[in-house]
Amino acid sequence: MAIRVSEPELTGRTLVVCEKPTAARRIAQALDEEGSPEGYREQGVPYFIARRRGVDLIVVSALGHLFTVAQRGGGWTYPVFDLKWVPAYEADRSAARTRVFIKVIERLSRGVEGYVSACDYDMEGSLIAYTILHYICGEESLRKARRMRYSTLTDRDLVRAWETMPPSLDFPLIEAGRARHEVDWLFGINLSRALTLSVKNATGYYKTLSIGRVQGPTLNFIKEREVEIRTFVPVPFWVIEAETEIDGKRYPLEYKRRRIETEREALEIEAACRGREGVITSIQSKRRSQAPPPPFSLGDLQREAYRQFRYSPRTTLRAAESLYLEALISYPRTSSQRLPPSINLVEVLRGLRRRRAYADLAERLLSKPRLRPRQGRKDDPAHPAIHPTGNLPGKLSKMQSRIYDLICRRFMAALGDPAVRRNVDAEVDVNGHLFHLKGSQVVEQGWRLFYAPYIREEEVVLPALREGQVLPVVSLDAARRYTKPPPHFNPSSLLKLMEDEGIGTKATRTDIIDTLFKRGYVEGNPVRITDLGFTIVETLGRYCPDILSVEMTRRLERDLEEIQTGETQADAVVREAVEALKPILAEFKTKERLIGVEINETLRAEKLRANVLGPCPVCKTGEIRLIRNKQTGKRFAGCSNYFNGSCDTSYPLPQRGRIQATGKSCRECGAPIIRVIRRGRRPWELCINFDCPLKRRGEKRAG
Amino acid sequence: MQDRCTLCGRRRKGGSKYCLYHQRAYENLKRAFERWRQALDISWVEFLKEVAGNPETGEWAREVAERLTERGLL
């Protein structure tokens, strides 16, 4: 059905619902005819009154989701299939602040005649506004409500979005969002409760364990990689490393085969070629065109920021979102690698030209007769690729500056001409063996000029060569090498894997990786699976492999996407999820005890390990462990040999905060160094020996 | 503990003396040995010693190689 686009005919007070306070301020400013809306604050909740064509616009802000899914009825058990939407503060204690937002929006919505959803234009944004209208303003508001659709928070874009609002909400997107929340809740609550209760019912020990629809398969990928690495056996091979010298400069000679499988053959080649001369038998020179890179999708940006600055996907997303809220870049949660014709490229470049760092580059592009961006393969119906708006940034943090520069340069590079390289390949015969002398040089910079700081390719410029030229082989060795195991995932490659496997969405993948860290299933960078993560996946894989199934997750993702296009109904997808869960949970229940016992073994081992703070510096054979006094509940550190009567070393410990072993010992007294983590404070490390000479001397660093 | 892997204490796989993972490492060792033998004309004993000392060898593969060497199960 075609959407009718018309000027909004709003007659009375209109409630404009935004996603975040910063966005609300920008939207109010853009829509107010004077550009200076009245700002108010009620119980700490900001809102604005803007005036447009004689109508008062009450611009309010949410705080992300104000409503969420919860269990209907009580009981901490599973399976649970009966759900309802409730205010977020009822379901989650950490969302307490949403209560005042709901209260203020409820008061401001009284007597309102029109409603506009102005949240970020995506599934989550549409759902946030929908739940606010539905549960606070009532059913009637949904019929009157309209949807602003914008990709940047610039005045120009916002006013255009206002003037071209479709006459109704984007219900397919809302339904897709609702179904996604419900499906994820159903999987999350049931599987997490099943896991937690399996341990509790089998052993009486309580620990919150969780697994989700996307978490499970992702953790399984990490586990499979870990198994591959830990069972890896290297195999030897040989490479012929040779060099020639021309005009006093050395150049590598590449043997025709990169790998020689046997030592015998490698040594034969070495013996045949060492100390010989080579003759150039042919020279090929080719020009190769390198197309510009497409502009960034969110995944591309996160990967590039990791490659260039080692920023985690979460850090990059946060920086990009802050730039979006400052109206400096377009909406970052996009899968698109394309810049549609609706974007005024000239205007953006004129904006960039005002910044000294980009003045010359932007000018070059503006002087082109025609601007044609390189378009990538991926598209997103809601938003274009990430691009600058052309607004001049004020003061940016280092992180924001780097991400902003990356986006601007990539945008300009996408508008550049192809680069051209000249590749030279000279074939060199050394006693009947073929080597290659290769050179590569950029002859036309093209788009590389715009993206130069982020290109790391080395050039090999060869001197003039001719066929028949004799070259000395100045060094030649048959070097033994070994095959290598696959690398551990890092946050960036994990994100790529999830994208390639079609699990999660651009908006949720970063959160899922974070959750795996928070639950203690993975740690570090490169990402390594912990014993707990390993046991969870291994146990589920043995007893309930469907939970880890990529196919099921992928199928659900596809169905959820089809809701947006109207091919599937949200309720049908939620029902399908329930039907998929039923046999999984029934099977789980029958094996609950076995699962609980297995997971508990790892939990206990982890707990024991976590209590070991380091070796005992006095008896040298015991371990200093964290011990809790059963009567007072206070904790201290003592040697494990105390129990056999051979060592009574003990140390007092801080009573507040979490204590972690660091694996380090004090350089002065040899006692373990611990890390103390307290909420709201920077973690600090200290030697646990109260009488440590370093402390008496007042030196801070013990390790 | 007869149903446990002699190296890590996990449940054993079928009739093997190893768990699923150490068994996989053992099979990788056997497969790799064929390639080592072709490449270097090396004996099983020498191969195990080489593999156990190689930094690229995975933790579980090294454990199996060391156990085989220790026990003389050559």
# chains A, B, ... in the order shown; residues from 1 in each chain; ligands from 1
$ residues_around --residues "Gly9 in chain B" --least-positions-apart "6" --cutoff "12 Å" --atoms "only C-alpha atoms" --output "PyMOL selection string"
(chain A and resi 601-602) or (chain B and resi 1-3+17-22)
$ interface_residues --of "chain A" --to "chain B" --cutoff "12 Å" --atoms "only C-alpha atoms" --output "PyMOL selection string"
chain A and resi 223-238+259-267+480-487+534-535+538-539+542+598+601-602
$ residues_around --residues "Gln284 in chain A" --least-positions-apart "6" --cutoff "10 Å" --atoms "only C-alpha atoms" --output "list in words"
Asn423, Val424, Asp425, Ala426, Glu427 and Lys438 of chain A
$ residues_around --residues "Arg13 in chain A" --least-positions-apart "4" --cutoff "7 Å" --atoms "only C-alpha atoms" --output "ChimeraX atom specification"
/A:55-57,112-114
$ write_last_selection --atoms "N, CA and C atoms" --output "compact mmCIF listing (two decimals), in the first residue's frame"
# COMPACT_ATOMS: atom_id res chain seq x y z
N VAL A 55 0.53 26.34 16.19
CA VAL A 55 0.25 25.16 17.01
C VAL A 55 1.36 25.01 18.06
N ASP A 56 0.97 24.70 19.29
CA ASP A 56 1.96 24.43 20.33
C ASP A 56 2.42 22.98 20.22
N LEU A 57 3.71 22.80 20.07
CA LEU A 57 4.26 21.43 20.02
C LEU A 57 4.94 21.16 21.37
N VAL A 112 -4.18 17.01 24.82
CA VAL A 112 -3.45 17.10 23.56
C VAL A 112 -4.32 16.56 22.42
N GLU A 113 -4.21 17.18 21.24
CA GLU A 113 -5.07 16.73 20.13
C GLU A 113 -4.31 15.97 19.04
N GLY A 114 -3.00 16.22 18.95
CA GLY A 114 -2.22 15.51 17.93
C GLY A 114 -1.00 14.84 18.54
$ select_by_dssp --residues "chain B" --states "helix (DSSP H, G or I)" --output "NGL selection string"
:B and (20-40 or 44-53 or 59-71)
$ select_by_dssp --residues "chain B" --states "strand (DSSP E or B)" --output "PDB file with N, CA and C atoms, in the first residue's frame"
ATOM      1  N   ARG B   4      36.316 -41.325  33.252  1.00  0.00           N
ATOM      2  CA  ARG B   4      36.852 -39.974  33.082  1.00  0.00           C
ATOM      3  C   ARG B   4      38.122 -39.962  32.234  1.00  0.00           C
ATOM      4  N   ARG B  11      34.235 -36.427  31.030  1.00  0.00           N
ATOM      5  CA  ARG B  11      33.733 -37.751  30.667  1.00  0.00           C
ATOM      6  C   ARG B  11      34.446 -38.276  29.418  1.00  0.00           C
ATOM      7  N   ARG B  12      34.712 -39.593  29.418  1.00  0.00           N
ATOM      8  CA  ARG B  12      35.399 -40.169  28.269  1.00  0.00           C
ATOM      9  C   ARG B  12      34.457 -40.365  27.101  1.00  0.00           C
ATOM     10  N   CYS B  19      38.665 -37.727  26.734  1.00  0.00           N
ATOM     11  CA  CYS B  19      37.390 -37.034  26.522  1.00  0.00           C
ATOM     12  C   CYS B  19      37.302 -36.657  25.041  1.00  0.00           C
TER      13      CYS B  19
END
$ residues_around --residues "range 505-521 of chain A" --least-positions-apart "4" --cutoff "6 Å" --atoms "only C-alpha atoms" --output "list in words"
Arg314, Ile529, Thr530, Leu532 and Gly533 of chain A
$ write_last_selection --atoms "N, CA and C atoms" --output "compact mmCIF listing (two decimals), in the first residue's frame"
# COMPACT_ATOMS: atom_id res chain seq x y z
N ARG A 314 31.49 -1.42 20.94
CA ARG A 314 30.69 -0.61 21.85
C ARG A 314 31.19 0.83 21.91
N ILE A 529 37.18 -17.91 25.66
CA ILE A 529 36.05 -18.44 26.42
C ILE A 529 36.55 -18.87 27.81
N THR A 530 35.76 -18.60 28.84
CA THR A 530 36.15 -19.01 30.19
C THR A 530 35.70 -20.46 30.41
N LEU A 532 33.62 -21.41 32.56
CA LEU A 532 32.16 -21.40 32.75
C LEU A 532 31.46 -21.36 31.39
N GLY A 533 31.93 -20.48 30.51
CA GLY A 533 31.33 -20.37 29.18
C GLY A 533 31.44 -21.70 28.45
$ residues_around --residues "Tyr121 in chain A" --least-positions-apart "3" --cutoff "7 Å" --atoms "only C-alpha atoms" --output "JSON list (two decimals) with C-alpha atoms, in the first residue's frame"
[["chain", "number", "residue", "atom", "x", "y", "z"],
["A", 125, "GLY", "CA", 12.55, 4.07, 18.03],
["A", 126, "SER", "CA", 9.18, 3.21, 16.51],
["A", 149, "ARG", "CA", 11.30, 9.97, 9.43],
["A", 150, "TYR", "CA", 14.80, 11.42, 9.41],
["A", 382, "ALA", "CA", 15.42, 3.14, 6.69]]
$ residues_around --residues "Gly275 in chain A" --least-positions-apart "4" --cutoff "9 Å" --atoms "only C-alpha atoms" --output "PyMOL selection string"
chain A and resi 271+472-476
$ atom_distance --atom1 "CA of Leu626 in chain A" --atom2 "CA of Asn611 in chain A"
5.0 Å
$ atom_distance --atom1 "CA of Ile49 in chain A" --atom2 "CA of Glu163 in chain A"
18.3 Å
$ atom_distance --atom1 "CA of Gly188 in chain A" --atom2 "CA of Val80 in chain A"
10.6 Å
